[in-house]
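Beneath this line is the structure, given in structure tokens, with notes to follow.
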Protein chains: 2
Amino acid sequence: MSLPALNLTADPIDLTAALVDIPSVSHDEAMIADAVEAALRTQTTGFEIRRHGNCVLARTNGGLPTRVILAGHLDTVPIVDNVPSRRTVTDADGDVLHGCGTVDMKSGDAVFLHLAATLDAPAHDLTLIFYDCEEIAAEFNGLGAIERDLPDWLVGDVAILGEPTAGQIEAGCQGTLRVRFSAAGTRAHSARAWMGDNAIHKLGRLLTTLDAYQPRRVDIDGCEYREGLSAVGVHGGVAGNVIPDEAYVDVNFRFAPDRSPEQAFEHVREVFAADLADGTLTAVITDSAAGALPGLANPAAAKLVAAANGRFRAKYGWTDVSRFAALGIPAVNLGPGDPSLAHRVDERVPVEQITEVARILRDYLLVG
Amino acid sequence: MSLPALNLTADPIDLTAALVDIPSVSHDEAMIADAVEAALRTQTTGFEIRRHGNCVLARTNGGLPTRVILAGHLDTVPIVDNVPSRRTVTDADGDVLHGCGTVDMKSGDAVFLHLAATLDAPAHDLTLIFYDCEEIAAEFNGLGAIERDLPDWLVGDVAILGEPTAGQIEAGCQGTLRVRFSAAGTRAHSARAWMGDNAIHKLGRLLTTLDAYQPRRVDIDGCEYREGLSAVGVHGGVAGNVIPDEAYVDVNFRFAPDRSPEQAFEHVREVFAADLADGTLTAVITDSAAGALPGLANPAAAKLVAAANGRFRAKYGWTDVSRFAALGIPAVNLGPGDPSLAHRVDERVPVEQITEVARILRDYLLVG
């Protein structure tokens, strides 16, 4: 396959289709990064362009008072017979582009690339970051690599991630915490159960507590966050005739960004205080990532909300927004596509959302 | 590993150690079966010997008025750093052989093999059955395979299983029933837990009920039976960020022989009636085996009780005794080792029990 050409001045709908047609499953982004880099170098002016692994970076250095970061990942989840893209027009669904990445998140990338090539005299300096390996374990994340290797590229007054939000600003993100609750017992033959101490039986109270738990909803900066406390795994058992001496439940707590990971863990410990106090269970953190406060009070973010007709809501899922928040940069998600269709075989985007997001961002970036 | 040599005329204590030193976890008994077969073929006389899968069969055909079946399984539960065997002598515990299978039931196998090679003119015809896959689901049981494929080998007047009884006759056995209780739900991203329906959370009430359950004790023919109801496995979970749509608990009910398997299942359904009635859980039988009533009134069994100085008690564990009971053959368990130490990391047998069981059986088999 020779290097596919990308026409950045074309309609961003067509540019989305062209990006979808370049397969770029995580760890396999070289081709799409080459195409994006070549297009930026030949079809934009005024940008400093840099390649770093399979990340492509571009920024203006116009000495403007504010800098806006536009960031999007180039990778997708594995393809399931849903590439190349196809476009359908029906009475029921209107004009729709189908394919892996149409939602998550090549439509967002297309809008950013189109604006870089077509915006005449934006009011802000711009930094574009196209990165790899977002859909897999955090250790591979290309934005993390930029943060480590090229931190001066992550400077700005506001960051916009093109993650799917159906064209509505989604602010902040919830944090995530995984805790393993383990029970210990004494192994024995199940024919003489009284000689043993069954670890699985000790999980009952925790699961009953989980089943009855009422998660909190909280309003922060006008965004409603909705927490969740869920068992995501349970395991125990040695053999069909053995009283097991070990069993555990993995609990995932998705918490609103007014809690730190430490406070989140403290809350989880309170919920299961009875089991922890009497030694029935022990708790160990296995994974944790901070949330991000919405930060919509920040002037640069407030202008973006205005450009989006004042429509915004909380982001529930964890996204790279929290990386910018940790750097002190207000960050939001804004992109075409229904996030609940991401990672699905029938991933698809109404093309009008691509047009609308391009319109919002054009308006925002042209006004100081 | 070349084929290990077994010396059948050695002290059965040493023969036990040699058998323990050949790992033979269920489904991996080829090596030990090869070694047993080779030893029987070269070190015994007067036996018809037959190999069937990983079962090794041997019988005399002397036309004697009675036939005694000696049966033992060759497999063990998984090894946990407790092979090879080791022997210790301490003031506190005396002379003890340690290792996986010392109790369940290579010491019993060793006694049978030793007697086959050393008994001079027994008063009964003998049938020896060494079989595989006793420690796992009944469908794999080697004795079941013999029953299906070679039923003429399961003919006799009394059957002695070498299962651990600490050298005391244990009569009858409890039945065993395994039931899988499954919960169904709806998968969703854990960041939006309210979109899903968590199957794992639905297991809490069942486990809490199990934890509080009081098992029954019952006297039958002078033997006290003691039931047990235990979770032996629990599993659920898709990924660390997914609300799981499936989860289950495997429950094992060990029941006294005054219940049939059908009555046992009815009891289990009553215990978890609330979960079944409201559709939280569904129940499916995954394994079931009837118990066996003690049957000590039979003359051939009574002589064996006499040889054991009249000492007998109930067998708690399910054993293949019930297979013989179903065929109309009086059957008992008699073997070295404390059954409560079976399946444990610290499994071990006082060697004097091996000597004593060999003595009891030698006396019994030499007298008509």
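All residue names refer to the structure tokens as shown: chains lettered A, B, ... in order, residues numbered from 1 in each chain, ligands numbered from 1 in order.
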
May I have the residues of chain B within 6 Å of chain A, counting only C-alpha atoms, written as a PyMOL selection string? chain B and resi 191+193+201+204+207-208+211+228+232-237+240+243+254+316-317

I need the chosen residues saved as a short mmCIF file (atom, residue, chain, number, x, y, z; two decimals), in the first residue's frame, with C-alpha atoms.
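result17.cif was written with the following content:
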data_model
loop_
_atom_site.label_atom_id
_atom_site.label_comp_id
_atom_site.auth_asym_id
_atom_site.auth_seq_id
_atom_site.Cartn_x
_atom_site.Cartn_y
_atom_site.Cartn_z
CA ALA B 191 -18.10 4.10 33.71
CA ALA B 193 -22.73 1.18 35.53
CA HIS B 201 -23.85 -8.57 42.70
CA GLY B 204 -24.45 -12.04 47.52
CA LEU B 207 -23.23 -16.74 49.66
CA THR B 208 -24.68 -15.15 52.78
CA ASP B 211 -22.32 -18.86 55.33
CA GLY B 228 -21.94 -30.28 54.35
CA VAL B 232 -16.42 -24.89 45.76
CA GLY B 233 -16.11 -22.32 42.98
CA VAL B 234 -17.18 -18.83 42.05
CA HIS B 235 -16.51 -17.06 38.79
CA GLY B 236 -17.55 -13.90 37.00
CA GLY B 237 -16.00 -10.98 35.12
CA GLY B 240 -11.68 -4.49 34.53
CA ILE B 243 -20.20 -4.72 34.16
CA ARG B 254 -22.38 -33.84 50.66
CA TYR B 316 -18.27 -39.01 55.25
CA GLY B 317 -16.71 -38.58 51.86
#

Can you tell me, as a PyMOL selection string, what residues are no more than 6 Å from Gly108 of chain A when counting only C-alpha atoms, ignoring any on the same chain fewer than 3 positions away? chain A and resi 105+111+162+335

Write the selection just made, keeping C-alpha atoms, as a tab-separated table (two decimals), in the first residue's frame?
chain	number	residue	atom	x	y	z
A	105	MET	CA	-12.11	9.21	16.91
A	111	VAL	CA	-12.03	18.30	12.03
A	162	GLY	CA	-11.72	15.25	19.97
A	335	GLY	CA	-16.09	15.52	19.02

Residue with the minimum atom-to-atom distance to Val80 of chain A, picked from A:Ala5, A:Ala277, A:Cys100, A:Leu366 with only C-alpha atoms counted, is A:Cys100

Gap from atom CA of Ala290 of chain B to atom CA of Val218 of chain B - Å, one decimal: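 Rounded to one decimal, the two atoms are 16.6 Å apart.
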
Considering only C-alpha atoms, state which residue in the set B:Leu276, B:Ile360, B:Leu74, B:Ala145 is at the smallest distance from Glu37 of chain B. B:Leu74

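Each of A:Asp338, A:Asp157, A:Glu135, A:Glu270 was checked against Tyr213 of chain A using only C-alpha atoms; the smallest atom-to-atom distance is that of A:Glu270.
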
Please identify the helix (DSSP H, G or I) residues within segment 231-307 of chain A (assignment by DSSP from backbone atoms) and present them as a ChimeraX atom specification. /A:261-271,273-277,299-307

For atom CA of Ala331 of chain B and atom CA of Leu361 of chain B, quote the distance in Å rounded to one decimal.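 If I compute the distance from atom CA of Ala331 of chain B to atom CA of Leu361 of chain B, I get 14.1 Å.
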
Using DSSP secondary structure from the backbone, list all strand (DSSP E or B) positions within segment 215-319 of chain A, as a ChimeraX atom specification. /A:217-220,223-226,228-237,242-243,246-255,282-289,292,312-314

Could you check the closest approach to Leu293 of chain A for each of A:Val349, A:Ala171, A:Ala274, A:Leu327 and tell me which residue wins, using only C-alpha atoms?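 Looking at the shortest contact to Leu293 of chain A, the residue is A:Ala171.
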
When you draw a straight line from atom CA of Glu224 of chain A to atom CA of Ala289 of chain A, how long is it in Å?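 Result for atom CA of Glu224 of chain A versus atom CA of Ala289 of chain A: 19.7 Å, one decimal.
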
Rank nothing, just name the residue among A:Ala325, A:Val103, A:Val56, A:Ala117 nearest to Leu150 of chain A, using only C-alpha atoms.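 Under the stated criterion, the closest residue is A:Val56.
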
Thr66 of chain B surroundings by only C-alpha atoms, 10 Å radius, close-in-sequence under 6 positions cut, as an NGL selection string: :B and (123-126 or 156-158 or 300 or 368)

Neighbour list for Leu296 of chain A as an MDAnalysis selection string, cut-off 10 Å, only C-alpha atoms, skip fewer than 6 positions in-chain: chainID A and resid 171:172 220:223 302:305 312 330:332
